[in-house]
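Asks: Sharing a structure, written as structure tokens. Questions coming.
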Amino acid sequence: MNTRIAQSIAACLLASAFAAQATELVYTPVNPAFGGNPLNGTWLLNNAQAQNDYDDPDLKDRTSSLAGTTALERFSNQLESRMLSQLLDNISNGQTGSMATDSFLIDVIDDSGALSIQVTDRATGEVSVIEVSGLNP
């Protein structure tokens, strides 16, 4: 009877081996650039940056030039930017005027309906003239 049980168990195992279903292996890429899940992009980028040991030599020059400005220089730059913006607003309203910066002299001249903007480079003395015509008075 033991052999009969052993044969039955062997027959069941053999039958179950044939009944098992196999499926194809499907490759799914990880990198989103090659069709992988787009949510993997940030994780892959962070890992790549963590492994990157290259130091850009130009980065120190770019950051040190910004860090080297004093509060007074930043304020002067912001004030100059605001004044240029105000001058441009005045030009759009048909008003004339002039402005002097460290680098440029800017004159806005109204020649009977034609607006002329003259920009003079203080370092080289080069003059650029921008003429705008057809403005409504």
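Going by the structure tokens order, chains are called A, B, ..., each with residues numbered from 1, while ligands are numbered from 1 in the order shown.
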Among segment 21-130 of chain A, which ones does DSSP place in strand (DSSP E or B), written as a VMD selection string?
Replies: chain A and resid 97 to 100 104 to 111 114 to 121 127 to 130
Asks: Name all residues at most 12 Å from Glu126 of chain A (count only C-alpha atoms; drop same-chain ones fewer than 4 positions away) and give them as an MDAnalysis selection string.
Replies: chainID A and resid 103:105 118:122
Asks: For a test of reading the model, state the distance in Å between atom CA of Asn47 of chain A and atom CA of Phe34 of chain A, rounded to one decimal.
Replies: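 Atom CA of Asn47 of chain A sits 17.4 Å away from atom CA of Phe34 of chain A.
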Asks: Would you compute the distance between atom CA of Val132 of chain A and atom CA of Ser116 of chain A? Give it in Å to one decimal.
Replies: 6.1 Å
Asks: What does the distance between atom CA of Tyr54 of chain A and atom CA of Val30 of chain A come to in Å, to one decimal place?
Replies: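 One can read the atom CA of Tyr54 of chain A to atom CA of Val30 of chain A distance as 24.9 Å.
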Asks: Assign secondary structure with DSSP using the backbone only, and return the residues of chain A in helix (DSSP H, G or I) as a PyMOL selection string.
Replies: chain A and resi 2-19+32-34+40-51+57-67+71-92
Asks: Which residue gives the smallest distance to Ala114 of chain A among A:Ile9, A:Thr101, A:Ser133, A:Gln86, with only C-alpha atoms counted?
Replies: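 When distances to Ala114 of chain A are compared using only C-alpha atoms, the smallest one comes from A:Ser133.
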Asks: Neighbours of Pro32 of chain A within 12 Å (only C-alpha atoms; same-chain residues fewer than 3 positions away dropped), as a PDB file with N, CA and C atoms, in the first residue's frame?
Replies:
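Ended up saving to out_25.pdb:
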ATOM      1  N   THR A  28      10.192  45.960 -18.506  1.00  0.00           N
ATOM      2  CA  THR A  28       9.685  47.324 -18.401  1.00  0.00           C
ATOM      3  C   THR A  28      10.854  48.207 -17.982  1.00  0.00           C
ATOM      4  N   PRO A  29      11.210  49.198 -18.805  1.00  0.00           N
ATOM      5  CA  PRO A  29      12.347  50.052 -18.452  1.00  0.00           C
ATOM      6  C   PRO A  29      12.051  50.900 -17.215  1.00  0.00           C
ATOM      7  N   GLY A  35      10.661  54.963 -21.860  1.00  0.00           N
ATOM      8  CA  GLY A  35       9.346  54.374 -21.734  1.00  0.00           C
ATOM      9  C   GLY A  35       8.996  53.902 -20.341  1.00  0.00           C
ATOM     10  N   GLY A  36       9.835  54.200 -19.380  1.00  0.00           N
ATOM     11  CA  GLY A  36       9.537  53.789 -18.005  1.00  0.00           C
ATOM     12  C   GLY A  36       8.529  54.723 -17.350  1.00  0.00           C
ATOM     13  N   ASN A  37       8.235  54.445 -16.113  1.00  0.00           N
ATOM     14  CA  ASN A  37       7.276  55.229 -15.356  1.00  0.00           C
ATOM     15  C   ASN A  37       7.802  56.655 -15.165  1.00  0.00           C
ATOM     16  N   PRO A  38       7.012  57.691 -15.504  1.00  0.00           N
ATOM     17  CA  PRO A  38       7.476  59.076 -15.346  1.00  0.00           C
ATOM     18  C   PRO A  38       7.763  59.455 -13.904  1.00  0.00           C
ATOM     19  N   LEU A  39       7.198  58.749 -12.951  1.00  0.00           N
ATOM     20  CA  LEU A  39       7.451  59.072 -11.547  1.00  0.00           C
ATOM     21  C   LEU A  39       8.853  58.663 -11.103  1.00  0.00           C
ATOM     22  N   ASN A  40       9.560  57.884 -11.911  1.00  0.00           N
ATOM     23  CA  ASN A  40      10.930  57.490 -11.578  1.00  0.00           C
ATOM     24  C   ASN A  40      11.940  58.581 -11.904  1.00  0.00           C
ATOM     25  N   GLY A  41      11.553  59.591 -12.666  1.00  0.00           N
ATOM     26  CA  GLY A  41      12.489  60.612 -13.130  1.00  0.00           C
ATOM     27  C   GLY A  41      13.195  61.340 -12.009  1.00  0.00           C
ATOM     28  N   THR A  42      12.462  61.803 -11.020  1.00  0.00           N
ATOM     29  CA  THR A  42      13.064  62.546  -9.914  1.00  0.00           C
ATOM     30  C   THR A  42      14.023  61.678  -9.120  1.00  0.00           C
ATOM     31  N   TRP A  43      13.627  60.448  -8.879  1.00  0.00           N
ATOM     32  CA  TRP A  43      14.488  59.532  -8.122  1.00  0.00           C
ATOM     33  C   TRP A  43      15.793  59.285  -8.885  1.00  0.00           C
ATOM     34  N   LEU A  44      15.707  59.052 -10.196  1.00  0.00           N
ATOM     35  CA  LEU A  44      16.912  58.811 -10.989  1.00  0.00           C
ATOM     36  C   LEU A  44      17.810  60.041 -11.027  1.00  0.00           C
ATOM     37  N   LEU A  45      17.206  61.240 -11.178  1.00  0.00           N
ATOM     38  CA  LEU A  45      18.000  62.469 -11.205  1.00  0.00           C
ATOM     39  C   LEU A  45      18.708  62.699  -9.886  1.00  0.00           C
TER      40      LEU A  45
END
